[in-house]
>>> print(open('data.txt').read())   # compact mmCIF, C-alpha atoms
# COMPACT_ATOMS: atom_id res chain seq x y z
CA MET A 1 -1.34 19.54 -72.97
CA PRO A 2 -2.52 20.87 -69.61
CA ASP A 3 -0.46 23.28 -67.57
CA LEU A 4 2.04 21.27 -65.52
CA GLY A 5 2.46 24.05 -62.95
CA PRO A 6 -0.13 22.49 -60.59
CA VAL A 7 1.69 19.16 -60.81
CA PHE A 8 5.02 20.63 -59.76
CA LEU A 9 3.34 22.70 -57.04
CA SER A 10 1.61 19.57 -55.69
CA LEU A 11 4.91 17.66 -55.65
CA HIS A 12 6.57 20.56 -53.83
CA LEU A 13 3.74 20.75 -51.31
CA ALA A 14 3.80 17.00 -50.70
CA ALA A 15 7.58 16.93 -50.23
CA VAL A 16 7.60 19.84 -47.76
CA THR A 17 4.61 18.45 -45.84
CA THR A 18 6.16 14.97 -45.61
CA ALA A 19 9.46 16.36 -44.33
CA ILE A 20 7.73 18.47 -41.67
CA LEU A 21 5.47 15.64 -40.55
CA LEU A 22 8.40 13.23 -40.32
CA VAL A 23 10.11 15.57 -37.86
CA ILE A 24 6.88 15.98 -35.87
CA GLY A 25 5.61 12.43 -36.27
CA VAL A 26 8.61 10.46 -35.03
CA PRO A 27 8.65 11.85 -31.46
CA LEU A 28 4.85 11.93 -31.27
CA ALA A 29 4.52 8.34 -32.49
CA TYR A 30 7.29 7.19 -30.17
CA TRP A 31 5.54 8.77 -27.21
CA LEU A 32 2.22 7.16 -28.20
CA ALA A 33 3.93 3.78 -28.62
CA THR A 34 5.63 3.84 -25.22
CA THR A 35 3.53 5.94 -22.86
CA GLN A 36 1.01 4.68 -20.33
CA ALA A 37 -0.39 8.13 -19.63
CA ARG A 38 -4.13 8.45 -19.19
CA VAL A 39 -4.21 11.22 -21.75
CA LYS A 40 -2.95 8.87 -24.48
CA PRO A 41 -6.44 8.02 -25.90
CA VAL A 42 -7.21 11.74 -26.13
CA VAL A 43 -3.99 12.44 -28.06
CA GLU A 44 -4.65 9.46 -30.34
CA ALA A 45 -8.17 10.70 -31.00
CA VAL A 46 -6.97 14.21 -31.82
CA THR A 47 -4.32 12.78 -34.13
CA ALA A 48 -6.89 10.64 -35.95
CA LEU A 49 -9.56 13.35 -36.28
CA PRO A 50 -8.64 14.22 -39.90
CA LEU A 51 -9.61 10.66 -40.86
CA VAL A 52 -13.24 11.16 -39.88
CA LEU A 53 -13.88 14.91 -40.15
CA PRO A 54 -15.04 16.27 -43.51
CA PRO A 55 -12.28 18.30 -45.19
CA THR A 56 -14.60 21.31 -45.29
CA VAL A 57 -14.87 21.28 -41.49
CA ILE A 58 -11.09 21.18 -41.11
CA GLY A 59 -10.69 23.87 -43.75
CA PHE A 60 -13.27 26.10 -42.11
CA TYR A 61 -11.60 26.04 -38.70
CA LEU A 62 -8.16 26.46 -40.25
CA LEU A 63 -9.42 29.56 -42.04
CA ILE A 64 -10.56 30.94 -38.69
CA LEU A 65 -7.13 30.20 -37.17
CA MET A 66 -5.38 31.85 -40.11
CA ASN A 67 -7.50 34.97 -40.05
CA PRO A 68 -5.30 38.04 -39.39
CA SER A 69 -7.51 38.90 -36.44
CA ALA A 70 -6.80 35.50 -34.81
CA PRO A 71 -3.64 35.01 -32.72
CA LEU A 72 -2.00 32.60 -35.19
CA GLY A 73 -2.89 34.68 -38.23
CA ALA A 74 -1.81 37.91 -36.56
CA ALA A 75 1.52 36.42 -35.49
CA TRP A 76 2.16 35.23 -39.04
CA VAL A 77 1.36 38.67 -40.49
CA SER A 78 3.71 40.34 -38.01
CA LEU A 79 6.53 37.91 -38.87
CA THR A 80 6.17 37.76 -42.65
CA GLY A 81 4.02 40.73 -43.64
CA GLY A 82 1.60 38.43 -45.52
CA THR A 83 -1.46 36.42 -44.59
CA LEU A 84 -1.24 32.71 -43.89
CA SER A 85 -4.46 31.93 -45.74
CA PHE A 86 -4.39 31.81 -49.55
CA SER A 87 -0.63 31.26 -49.57
CA PHE A 88 1.68 28.29 -50.09
CA SER A 89 2.67 28.42 -46.41
CA GLY A 90 -1.00 28.15 -45.51
CA LEU A 91 -1.29 25.08 -47.73
CA VAL A 92 1.68 23.49 -45.94
CA PHE A 93 0.13 24.19 -42.53
CA ALA A 94 -3.26 22.82 -43.59
CA SER A 95 -1.71 19.77 -45.27
CA ALA A 96 0.34 18.99 -42.16
CA ILE A 97 -2.84 18.96 -40.08
CA TYR A 98 -4.83 16.95 -42.62
CA SER A 99 -2.11 14.33 -43.32
CA LEU A 100 -0.94 13.94 -39.71
CA PRO A 101 -2.57 10.51 -39.08
CA PHE A 102 -1.03 9.10 -42.27
CA MET A 103 2.39 9.77 -40.78
CA VAL A 104 1.80 9.06 -37.09
CA GLN A 105 -0.23 5.85 -37.22
CA PRO A 106 2.21 3.78 -39.35
CA LEU A 107 5.10 5.08 -37.24
CA GLN A 108 3.32 4.18 -34.01
CA SER A 109 2.59 0.67 -35.29
CA ALA A 110 6.22 0.24 -36.35
CA PHE A 111 7.56 1.39 -32.98
CA GLU A 112 5.12 -0.88 -31.12
CA ALA A 113 6.21 -3.82 -33.29
CA VAL A 114 9.85 -3.29 -32.25
CA GLY A 115 8.80 -3.48 -28.61
CA ARG A 116 10.73 -2.67 -25.47
CA GLY A 117 13.24 -5.51 -25.68
CA PRO A 118 15.79 -3.98 -28.07
CA MET A 119 15.62 -0.63 -26.29
CA GLU A 120 16.13 -2.28 -22.90
CA ALA A 121 19.05 -4.29 -24.30
CA ALA A 122 20.63 -1.06 -25.56
CA ALA A 123 20.14 0.49 -22.14
CA THR A 124 21.98 -2.39 -20.48
CA LEU A 125 24.92 -1.57 -22.76
CA ARG A 126 24.81 1.99 -21.37
CA ALA A 127 23.45 3.53 -24.51
CA SER A 128 21.57 6.75 -23.93
CA ARG A 129 17.90 6.98 -24.88
CA LEU A 130 18.76 9.12 -27.91
CA ASP A 131 21.47 6.71 -29.05
CA ALA A 132 19.12 3.76 -28.65
CA ILE A 133 16.44 5.49 -30.70
CA ARG A 134 18.89 6.48 -33.43
CA ASN A 135 20.82 3.20 -33.65
CA VAL A 136 18.22 0.61 -32.63
CA LEU A 137 14.63 1.80 -32.89
CA LEU A 138 14.78 3.78 -36.13
CA PRO A 139 16.74 1.18 -38.16
CA GLN A 140 14.39 -1.59 -37.03
CA SER A 141 11.41 0.62 -37.92
CA ALA A 142 12.70 1.56 -41.37
CA ARG A 143 9.87 -0.20 -43.19
CA GLY A 144 7.24 1.62 -41.14
CA ILE A 145 9.01 4.94 -41.62
CA LEU A 146 9.11 4.45 -45.38
CA THR A 147 5.44 3.44 -45.44
CA ALA A 148 4.48 6.51 -43.41
CA CYS A 149 6.41 8.85 -45.70
CA VAL A 150 4.98 7.32 -48.88
CA LEU A 151 1.39 7.40 -47.60
CA THR A 152 1.77 10.97 -46.37
CA PHE A 153 3.25 12.10 -49.68
CA ALA A 154 0.52 10.39 -51.72
CA HIS A 155 -2.27 11.65 -49.49
CA THR A 156 -1.02 15.22 -49.73
CA ILE A 157 -0.87 14.97 -53.52
CA GLY A 158 -4.57 14.07 -53.62
CA GLU A 159 -5.91 16.69 -51.21
CA PHE A 160 -8.81 18.79 -52.43
CA GLY A 161 -11.32 20.13 -49.91
CA VAL A 162 -8.85 21.47 -47.36
CA VAL A 163 -6.53 23.09 -49.89
CA LEU A 164 -9.45 24.63 -51.77
CA MET A 165 -10.84 26.29 -48.65
CA VAL A 166 -7.48 27.40 -47.26
CA GLY A 167 -5.64 28.26 -50.47
CA GLY A 168 -8.28 28.92 -53.07
CA ASN A 169 -7.19 28.74 -56.70
CA ILE A 170 -4.27 31.11 -57.23
CA PRO A 171 -2.00 30.09 -60.16
CA GLU A 172 1.61 29.27 -59.15
CA ARG A 173 0.76 29.80 -55.47
CA THR A 174 -2.11 27.53 -54.39
CA ARG A 175 -3.43 25.90 -57.57
CA VAL A 176 -2.51 22.28 -56.94
CA ILE A 177 -3.37 19.36 -59.20
CA SER A 178 -6.72 18.50 -57.59
CA ILE A 179 -7.87 22.12 -57.92
CA ALA A 180 -6.72 22.17 -61.56
CA ILE A 181 -8.79 19.05 -62.30
CA TYR A 182 -11.84 20.62 -60.69
CA GLU A 183 -11.37 23.81 -62.70
CA HIS A 184 -10.99 21.89 -65.97
CA VAL A 185 -14.21 19.97 -65.28
CA GLU A 186 -16.07 23.18 -64.47
CA SER A 187 -14.82 24.68 -67.74
CA VAL A 188 -15.84 21.51 -69.66
CA GLU A 189 -12.20 20.92 -70.57
CA TYR A 190 -12.48 17.17 -70.23
CA ALA A 191 -9.35 16.32 -72.22
CA GLU A 192 -7.11 18.23 -69.79
CA ALA A 193 -9.05 16.84 -66.82
CA HIS A 194 -8.58 13.30 -68.17
CA ILE A 195 -4.80 13.71 -68.48
CA LEU A 196 -4.37 15.05 -64.93
CA SER A 197 -6.86 12.59 -63.43
CA ALA A 198 -5.29 9.61 -65.17
CA GLY A 199 -1.85 10.67 -63.98
CA LEU A 200 -3.10 10.98 -60.42
CA LEU A 201 -4.87 7.62 -60.66
CA VAL A 202 -1.73 5.86 -61.89
CA PHE A 203 0.41 7.55 -59.24
CA SER A 204 -1.97 6.54 -56.44
CA PHE A 205 -2.23 2.95 -57.70
CA VAL A 206 1.54 2.52 -58.06
CA THR A 207 2.04 4.01 -54.59
CA LEU A 208 -0.37 1.57 -52.96
CA VAL A 209 1.06 -1.41 -54.85
CA GLY A 210 4.52 -0.42 -53.67
CA VAL A 211 3.40 -0.11 -50.05
CA TYR A 212 1.60 -3.48 -50.08
CA ALA A 213 4.53 -5.17 -51.84
CA LEU A 214 6.94 -3.76 -49.27
CA ASN A 215 4.80 -5.02 -46.40
CA ARG A 216 4.41 -8.44 -48.02
CA SER A 217 8.14 -8.87 -48.58
CA TYR A 218 8.81 -7.90 -44.98
CA ARG A 219 6.30 -10.44 -43.66
CA LEU A 220 7.86 -13.15 -45.83
CA ARG A 221 11.35 -12.35 -44.51
CA VAL A 222 10.10 -12.41 -40.91
CA SER A 223 8.25 -15.70 -41.36
>>> encode(input="data.txt", output="structure tokens")
Amino acid sequence: MPDLGPVFLSLHLAAVTTAILLVIGVPLAYWLATTQARVKPVVEAVTALPLVLPPTVIGFYLLILMNPSAPLGAAWVSLTGGTLSFSFSGLVFASAIYSLPFMVQPLQSAFEAVGRGPMEAAATLRASRLDAIRNVLLPQSARGILTACVLTFAHTIGEFGVVLMVGGNIPERTRVISIAIYEHVESVEYAEAHILSAGLLVFSFVTLVGVYALNRSYRLRVS
């Protein structure tokens, strides 16, 4: 049996990243869904960059940002006493950047689907903007929120290039499941690689089936 430490570390990383991106993604997606600002296409492009940039490019620039001589890296060292790169915190930061579009884009689509009508109706009942978002927008966007969280979680589980460059391969700290598979293949330990790869394949397939089934059931209820 392969070491299950990378599996648990990957699940921990995915859970933390999803929680952080949910907090960041909801206000960002709401702004993108409602704003008419000229800068909106620029923000959308920046948000979607991880979809088109090679992971090595993202990892390279994140390494530069995390360097102790860079402002971000230096601030982290002064606060924690440790470097941001090659640490679990560095993996969380990199994963949040890399998985950002998987959270924001489904949320934005969900908020746009709700439209302005329900929010305007809540405003006529003297509900504050925050109350309208909490009691009207978010409940009506529940399917999109769930889809965003599931896709973000699954995408983080399968990360390889970014986490390898930012975190390396440190057991119990940065050795996630994708890195463990790569190491097993390099060491010609195909049995262990098969077990981890098959588990990741099944997890990814079940996740996508669940997302598509959820969307299908919602469309049937609406129609």
>>> atom_distance(input="data.txt", atom1="CA of Ile157 in chain A", atom2="CA of Leu196 in chain A")
11.9 Å
>>> closest_residue(input="data.txt", among="A:Asn135, A:Ser187, A:Thr83, A:Thr156", to="Ala122 in chain A", atoms="all atoms listed in the file")
A:Asn135
>>> residues_near_point(input="data.txt", point="(1.0, 2.4, -28.4)", cutoff="7 Å", atoms="only C-alpha atoms", output="list in words")
Leu32, Ala33, Thr34, Gln108 and Glu112 of chain A
>>> residues_around(input="data.txt", residues="Gly168 in chain A", least_positions_apart="6", cutoff="9 Å", atoms="all atoms listed in the file", output="ChimeraX atom specification")
/A:85-87,174-175,179
>>> write_last_selection(input="data.txt", atoms="C-alpha atoms", output="PDB file, in the frame of the given file")
ATOM      1  CA  SER A  85      -4.460  31.930 -45.740  1.00  0.00           C
ATOM      2  CA  PHE A  86      -4.390  31.810 -49.550  1.00  0.00           C
ATOM      3  CA  SER A  87      -0.630  31.260 -49.570  1.00  0.00           C
ATOM      4  CA  THR A 174      -2.110  27.530 -54.390  1.00  0.00           C
ATOM      5  CA  ARG A 175      -3.430  25.900 -57.570  1.00  0.00           C
ATOM      6  CA  ILE A 179      -7.870  22.120 -57.920  1.00  0.00           C
TER       7      ILE A 179
END
>>> residues_around(input="data.txt", residues="Asp3 in chain A", least_positions_apart="4", cutoff="10 Å", atoms="all atoms listed in the file", output="list in words")
Val7, Phe8, Ile177, Ala180, Glu192 and Leu196 of chain A
>>> write_last_selection(input="data.txt", atoms="C-alpha atoms", output="tab-separated table (two decimals), in the coordinates of the input")
chain	number	residue	atom	x	y	z
A	7	VAL	CA	1.69	19.16	-60.81
A	8	PHE	CA	5.02	20.63	-59.76
A	177	ILE	CA	-3.37	19.36	-59.20
A	180	ALA	CA	-6.72	22.17	-61.56
A	192	GLU	CA	-7.11	18.23	-69.79
A	196	LEU	CA	-4.37	15.05	-64.93
>>> closest_residue(input="data.txt", among="A:Gly25, A:Pro54, A:Gly167, A:Gly59", to="Leu100 in chain A", atoms="all atoms listed in the file")
A:Gly25
>>> atom_distance(input="data.txt", atom1="CA of Leu137 in chain A", atom2="CA of Cys149 in chain A")
16.8 Å
>>> closest_residue(input="data.txt", among="A:Val209, A:Phe102, A:Trp76, A:Ser95", to="Ser10 in chain A", atoms="all atoms listed in the file")
A:Ser95
>>> atom_distance(input="data.txt", atom1="CA of Leu65 in chain A", atom2="CA of Ala29 in chain A")
25.2 Å
>>> residues_around(input="data.txt", residues="Arg173 in chain A", least_positions_apart="2", cutoff="6 Å", atoms="all atoms listed in the file", output="PyMOL selection string")
chain A and resi 88+170-171
>>> residues_around(input="data.txt", residues="Pro106 in chain A", least_positions_apart="4", cutoff="9 Å", atoms="all atoms listed in the file", output="list of chain:residue names")
A:Ala29, A:Pro101, A:Phe102, A:Ala110, A:Phe111, A:Gly144, A:Ile145, A:Thr147, A:Ala148
>>> residues_around(input="data.txt", residues="Phe153 in chain A", least_positions_apart="5", cutoff="7 Å", atoms="only C-alpha atoms", output="ChimeraX atom specification")
/A:14-15,18
>>> decode(input="data.txt", residues="range 77-109 of chain A", atoms="N, CA and C atoms", output="compact mmCIF listing (two decimals), in the first residue's frame")
# COMPACT_ATOMS: atom_id res chain seq x y z
N VAL A 77 8.17 36.37 6.15
CA VAL A 77 9.26 35.96 7.04
C VAL A 77 9.21 36.76 8.33
N SER A 78 8.93 38.06 8.22
CA SER A 78 8.89 38.89 9.43
C SER A 78 7.72 38.54 10.33
N LEU A 79 6.61 38.06 9.75
CA LEU A 79 5.43 37.71 10.53
C LEU A 79 5.53 36.32 11.16
N THR A 80 6.08 35.37 10.39
CA THR A 80 6.05 33.97 10.83
C THR A 80 7.43 33.41 11.17
N GLY A 81 8.49 34.04 10.67
CA GLY A 81 9.82 33.51 10.89
C GLY A 81 10.23 32.44 9.91
N GLY A 82 9.33 32.04 9.00
CA GLY A 82 9.63 31.03 7.99
C GLY A 82 9.35 31.56 6.60
N THR A 83 9.87 30.87 5.60
CA THR A 83 9.65 31.30 4.22
C THR A 83 8.30 30.82 3.73
N LEU A 84 7.74 31.57 2.79
CA LEU A 84 6.44 31.19 2.22
C LEU A 84 6.60 30.06 1.21
N SER A 85 7.69 30.09 0.46
CA SER A 85 7.93 29.02 -0.50
C SER A 85 8.32 27.75 0.24
N PHE A 86 8.02 26.60 -0.40
CA PHE A 86 8.33 25.28 0.16
C PHE A 86 7.71 25.09 1.55
N SER A 87 6.48 25.56 1.68
CA SER A 87 5.72 25.39 2.92
C SER A 87 4.26 25.14 2.54
N PHE A 88 3.49 24.63 3.50
CA PHE A 88 2.07 24.39 3.24
C PHE A 88 1.34 25.70 2.99
N SER A 89 1.71 26.75 3.71
CA SER A 89 1.09 28.06 3.48
C SER A 89 1.35 28.54 2.06
N GLY A 90 2.55 28.29 1.56
CA GLY A 90 2.86 28.64 0.18
C GLY A 90 2.01 27.87 -0.81
N LEU A 91 1.75 26.58 -0.51
CA LEU A 91 0.87 25.80 -1.37
C LEU A 91 -0.55 26.37 -1.38
N VAL A 92 -1.02 26.80 -0.22
CA VAL A 92 -2.37 27.39 -0.14
C VAL A 92 -2.43 28.66 -0.98
N PHE A 93 -1.43 29.51 -0.85
CA PHE A 93 -1.39 30.76 -1.62
C PHE A 93 -1.37 30.47 -3.12
N ALA A 94 -0.50 29.54 -3.53
CA ALA A 94 -0.39 29.21 -4.95
C ALA A 94 -1.68 28.56 -5.46
N SER A 95 -2.27 27.69 -4.66
CA SER A 95 -3.50 27.01 -5.08
C SER A 95 -4.66 28.00 -5.20
N ALA A 96 -4.70 28.99 -4.31
CA ALA A 96 -5.75 30.00 -4.39
C ALA A 96 -5.64 30.80 -5.69
N ILE A 97 -4.43 31.10 -6.10
CA ILE A 97 -4.23 31.82 -7.36
C ILE A 97 -4.63 30.93 -8.54
N TYR A 98 -4.16 29.67 -8.50
CA TYR A 98 -4.34 28.78 -9.64
C TYR A 98 -5.79 28.32 -9.80
N SER A 99 -6.53 28.19 -8.70
CA SER A 99 -7.91 27.70 -8.76
C SER A 99 -8.94 28.83 -8.75
N LEU A 100 -8.50 30.07 -8.75
CA LEU A 100 -9.42 31.21 -8.67
C LEU A 100 -10.52 31.18 -9.72
N PRO A 101 -10.22 30.95 -11.01
CA PRO A 101 -11.32 30.98 -11.99
C PRO A 101 -12.34 29.87 -11.79
N PHE A 102 -11.95 28.76 -11.19
CA PHE A 102 -12.89 27.67 -10.96
C PHE A 102 -13.91 28.01 -9.88
N MET A 103 -13.59 28.98 -9.06
CA MET A 103 -14.54 29.48 -8.07
C MET A 103 -15.33 30.66 -8.62
N VAL A 104 -14.65 31.63 -9.22
CA VAL A 104 -15.29 32.88 -9.59
C VAL A 104 -16.24 32.72 -10.77
N GLN A 105 -15.85 32.00 -11.80
CA GLN A 105 -16.68 31.93 -13.00
C GLN A 105 -18.04 31.25 -12.78
N PRO A 106 -18.11 30.11 -12.07
CA PRO A 106 -19.45 29.56 -11.79
C PRO A 106 -20.28 30.48 -10.90
N LEU A 107 -19.64 31.16 -9.94
CA LEU A 107 -20.38 32.09 -9.09
C LEU A 107 -20.91 33.26 -9.90
N GLN A 108 -20.09 33.80 -10.78
CA GLN A 108 -20.52 34.92 -11.60
C GLN A 108 -21.71 34.52 -12.47
N SER A 109 -21.63 33.34 -13.08
CA SER A 109 -22.74 32.87 -13.91
C SER A 109 -24.02 32.69 -13.09
